[in-house]
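K.L.:
Can you keep this structure in mind? I'll have questions shortly.
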Amino acid sequence: MTKNKTTYQALIIDDEPDLLELLDLTLLRMGVEVTKASTVAEALSALATKQFHLCLTDMRLPDGEGLQVVEHIQKKGLDVPIAVITAFGSADNAVAALKAGAFDYLSKPVSLEHLRTLIKSALNVDAVKTVSTSKTCSSNPVSTTLLGNSPAIAQAKQLIERVSKSLAPVYITGESGSGKERAARMIHCLSARSNQPFVAVNCGAIPENLMESEFFGYKKGAFTGATEDREGFFQAANGGTIFLDEVADLPLAMQVKLLRVIQEKKVRPLGMTQELPVDVRVISATHQNLANCVEEGRFRQDLFYRLNVISIRMPSLREMRDDVFSITETILHRLADGYPSGVPLLSASAKTALLKYDFPGNVRELENVLERALALCDGKQIEAEDLQLTPSQESIGEDNSSFFGDKWPLQDYLDRVEKEAILEALQKTRFNRTAAAKLLGITFRAMRYRMERLGLNEPENN
Ligand SMILES: Nc1ncnc2c1ncn2[C@@H]1O[C@H](COP(=O)(O)OP(=O)(O)OP(=O)(O)O)[C@@H](O)[C@H]1O
């Protein structure tokens, strides 16, 4: 995995030089190489000559519509996820593109946060984040600190400190965005392994047929396309820590193999006869209830016991209401660092709105809300409107008329419509995401991505 690193290729189609530049820079920072096109014709010729992992197109182009590119990709059966950029206020365009096969849309002005989530989802780059830990632990200590002092988070932090001294497997539970990965990094950085690698793997993002080779590596010639030896996640984490996020998503066959590695402390790369010793501390996490998965036969009990030697529960932001302002302040300082106008203050109405809001997406959602508010506010003060918090279901019930009458901001309106459709499909399928995705006519991957973006958690979390 460290050798032979894939370079992702993206095709961006836009005739606005500024936007093209912004997209180019964002993708480059994520390690994606960009080919630019400014017309439909240029795009089709690029698609004919080169293979891309992602395509992003504006809807309005000098010689036609971005929709034509979406249709071309579908017609030719090209395996390229494509997303479209629609002008502010053109919901019909977004719907048409989704119907034609686009996996998502961005509306102008393009939110960088949304763009990054979209790129990660399309490229599966979240599947693995190999980080040399000297970087994680010493040069970026902020990313390994958990904010908050409420009793629930204080207890989690205490436990984290304690378990960092041992080598026992740790199982972290908590809602999406509640800091499970951050907790895992903290354990690693406080441990004696802190100058060794920390490898974070999103188990739900790896295609089933690639799992074994990704986890355990392979030898040159093990299968068609294996042109050189490649190490897997376990070898990359040797001496350090592996973080298995969304561990409940591992298929049963892979669970058996993982159990063996944990017990024997050895891996066998594909195409090799002998096993290689590995010394890796395992931390796992999921936002699902793993005990329920065991009961339903979706997760092996023996593996559950192996992983769950020590468990840590990350509290939701709702359980840390007293910390909301201090966390907000810290995040605002980080985000507005270097802004000429300094860090904006929160108005009284903004404070009330934050206190009333439920934050289903937890601290991650708070970060996103503040990033957007910084862009929308006047630079000096953040008002409640700048936060654009979607009312909770209860308050929707209190005042249906004005809520559903609002078609703007468009992005919020579309998000609400999307959220409702997904929740309805989930309810109809008893929260089976695969079946719900089928019902909605989207792929499982698109479903996961949309749920994550909209901050939708599964019920009965932990
Ligand atoms: N207590 C906290 N203090 C500071 N930042 C936090 C805290 N909790 C979460 N975050 C931030 O929120 C974002 C999401 O955190 P993280 O990825 O650790 O959550 P997660 O529980 O692993 O999410 P998921 O279940 O979706 O994988 C990150 O940017 C992280 O830094």
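Within each chain, counting starts at residue 1; across the structure tokens, chains are named A, B, ... in the order shown, with ligands numbered 1 upward in that order.
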Enumerate residues in contact with ligand 1: an atom-to-atom distance of at most 9 Å, counting only C-alpha atoms and all ligand atoms. Format the result as a count of residues only.
P.N.:
44
K.L.:
Tell me, as a list in words, which residues lie within 6 Å of Gly217 (chain A), counting only C-alpha atoms; anything in the same chain fewer than 5 positions away does not count.
P.N.:
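In the requested form, the answer reads Arg230, Glu231, Gly232 and Pro269 of chain A.
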K.L.:
Between A:Met30, A:Ala192, A:Val294, A:Val163, which is the closest to Ile119 (chain A) once you count only C-alpha atoms?
P.N.:
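Smallest distance to Ile119 (chain A) is found for A:Met30.
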K.L.:
Neighbours of Asn432 (chain A) within 12 Å (only C-alpha atoms; same-chain residues fewer than 2 positions away dropped), as a PyMOL selection string?
P.N.:
chain A and resi 422-430+434-439+444+447-448+458-459
K.L.:
Keeping only N, CA and C atoms, take the residues you just selected and write them out as an mmCIF file, in the first residue's frame.
P.N.:
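So the final result, stored in part_32.cif, reads:
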```
data_model
loop_
_atom_site.group_PDB
_atom_site.id
_atom_site.type_symbol
_atom_site.label_atom_id
_atom_site.label_comp_id
_atom_site.auth_asym_id
_atom_site.auth_seq_id
_atom_site.Cartn_x
_atom_site.Cartn_y
_atom_site.Cartn_z
ATOM 1 N N ILE A 422 -35.025 9.446 2.184
ATOM 2 C CA ILE A 422 -34.150 8.386 2.707
ATOM 3 C C ILE A 422 -34.753 7.784 3.967
ATOM 4 N N LEU A 423 -35.263 8.656 4.857
ATOM 5 C CA LEU A 423 -35.838 8.135 6.103
ATOM 6 C C LEU A 423 -37.043 7.249 5.819
ATOM 7 N N GLU A 424 -37.850 7.659 4.835
ATOM 8 C CA GLU A 424 -39.028 6.873 4.493
ATOM 9 C C GLU A 424 -38.602 5.498 3.955
ATOM 10 N N ALA A 425 -37.604 5.521 3.077
ATOM 11 C CA ALA A 425 -37.126 4.250 2.511
ATOM 12 C C ALA A 425 -36.548 3.365 3.613
ATOM 13 N N LEU A 426 -35.843 3.982 4.562
ATOM 14 C CA LEU A 426 -35.245 3.194 5.648
ATOM 15 C C LEU A 426 -36.332 2.581 6.531
ATOM 16 N N GLN A 427 -37.367 3.396 6.782
ATOM 17 C CA GLN A 427 -38.448 2.870 7.609
ATOM 18 C C GLN A 427 -39.157 1.708 6.914
ATOM 19 N N LYS A 428 -39.380 1.866 5.611
ATOM 20 C CA LYS A 428 -40.069 0.828 4.831
ATOM 21 C C LYS A 428 -39.264 -0.462 4.824
ATOM 22 N N THR A 429 -37.941 -0.353 4.892
ATOM 23 C CA THR A 429 -37.108 -1.554 4.783
ATOM 24 C C THR A 429 -36.540 -1.967 6.144
ATOM 25 N N ARG A 430 -37.148 -1.469 7.194
ATOM 26 C CA ARG A 430 -36.734 -1.764 8.565
ATOM 27 C C ARG A 430 -35.230 -1.486 8.736
ATOM 28 N N THR A 434 -29.154 -1.543 2.431
ATOM 29 C CA THR A 434 -29.022 -2.078 1.075
ATOM 30 C C THR A 434 -30.385 -2.054 0.388
ATOM 31 N N ALA A 435 -31.420 -2.540 1.121
ATOM 32 C CA ALA A 435 -32.765 -2.577 0.544
ATOM 33 C C ALA A 435 -33.281 -1.154 0.310
ATOM 34 N N ALA A 436 -32.960 -0.262 1.254
ATOM 35 C CA ALA A 436 -33.439 1.124 1.109
ATOM 36 C C ALA A 436 -32.807 1.774 -0.120
ATOM 37 N N ALA A 437 -31.510 1.490 -0.344
ATOM 38 C CA ALA A 437 -30.829 2.064 -1.503
ATOM 39 C C ALA A 437 -31.499 1.578 -2.782
ATOM 40 N N LYS A 438 -31.856 0.287 -2.788
ATOM 41 C CA LYS A 438 -32.504 -0.301 -3.957
ATOM 42 C C LYS A 438 -33.830 0.420 -4.230
ATOM 43 N N LEU A 439 -34.585 0.586 -3.148
ATOM 44 C CA LEU A 439 -35.893 1.247 -3.251
ATOM 45 C C LEU A 439 -35.742 2.663 -3.811
ATOM 46 N N PHE A 444 -25.538 1.427 -3.053
ATOM 47 C CA PHE A 444 -25.332 1.366 -1.615
ATOM 48 C C PHE A 444 -24.315 2.434 -1.199
ATOM 49 N N MET A 447 -25.831 5.716 -1.086
ATOM 50 C CA MET A 447 -26.712 5.781 0.087
ATOM 51 C C MET A 447 -25.898 6.126 1.342
ATOM 52 N N ARG A 448 -24.799 5.419 1.528
ATOM 53 C CA ARG A 448 -23.929 5.657 2.689
ATOM 54 C C ARG A 448 -23.440 7.094 2.692
ATOM 55 N N GLU A 458 -28.149 5.580 12.307
ATOM 56 C CA GLU A 458 -29.117 4.502 12.448
ATOM 57 C C GLU A 458 -29.741 4.583 13.834
ATOM 58 N N PRO A 459 -30.953 4.065 13.999
ATOM 59 C CA PRO A 459 -31.584 4.106 15.308
ATOM 60 C C PRO A 459 -30.892 3.140 16.246
#
```
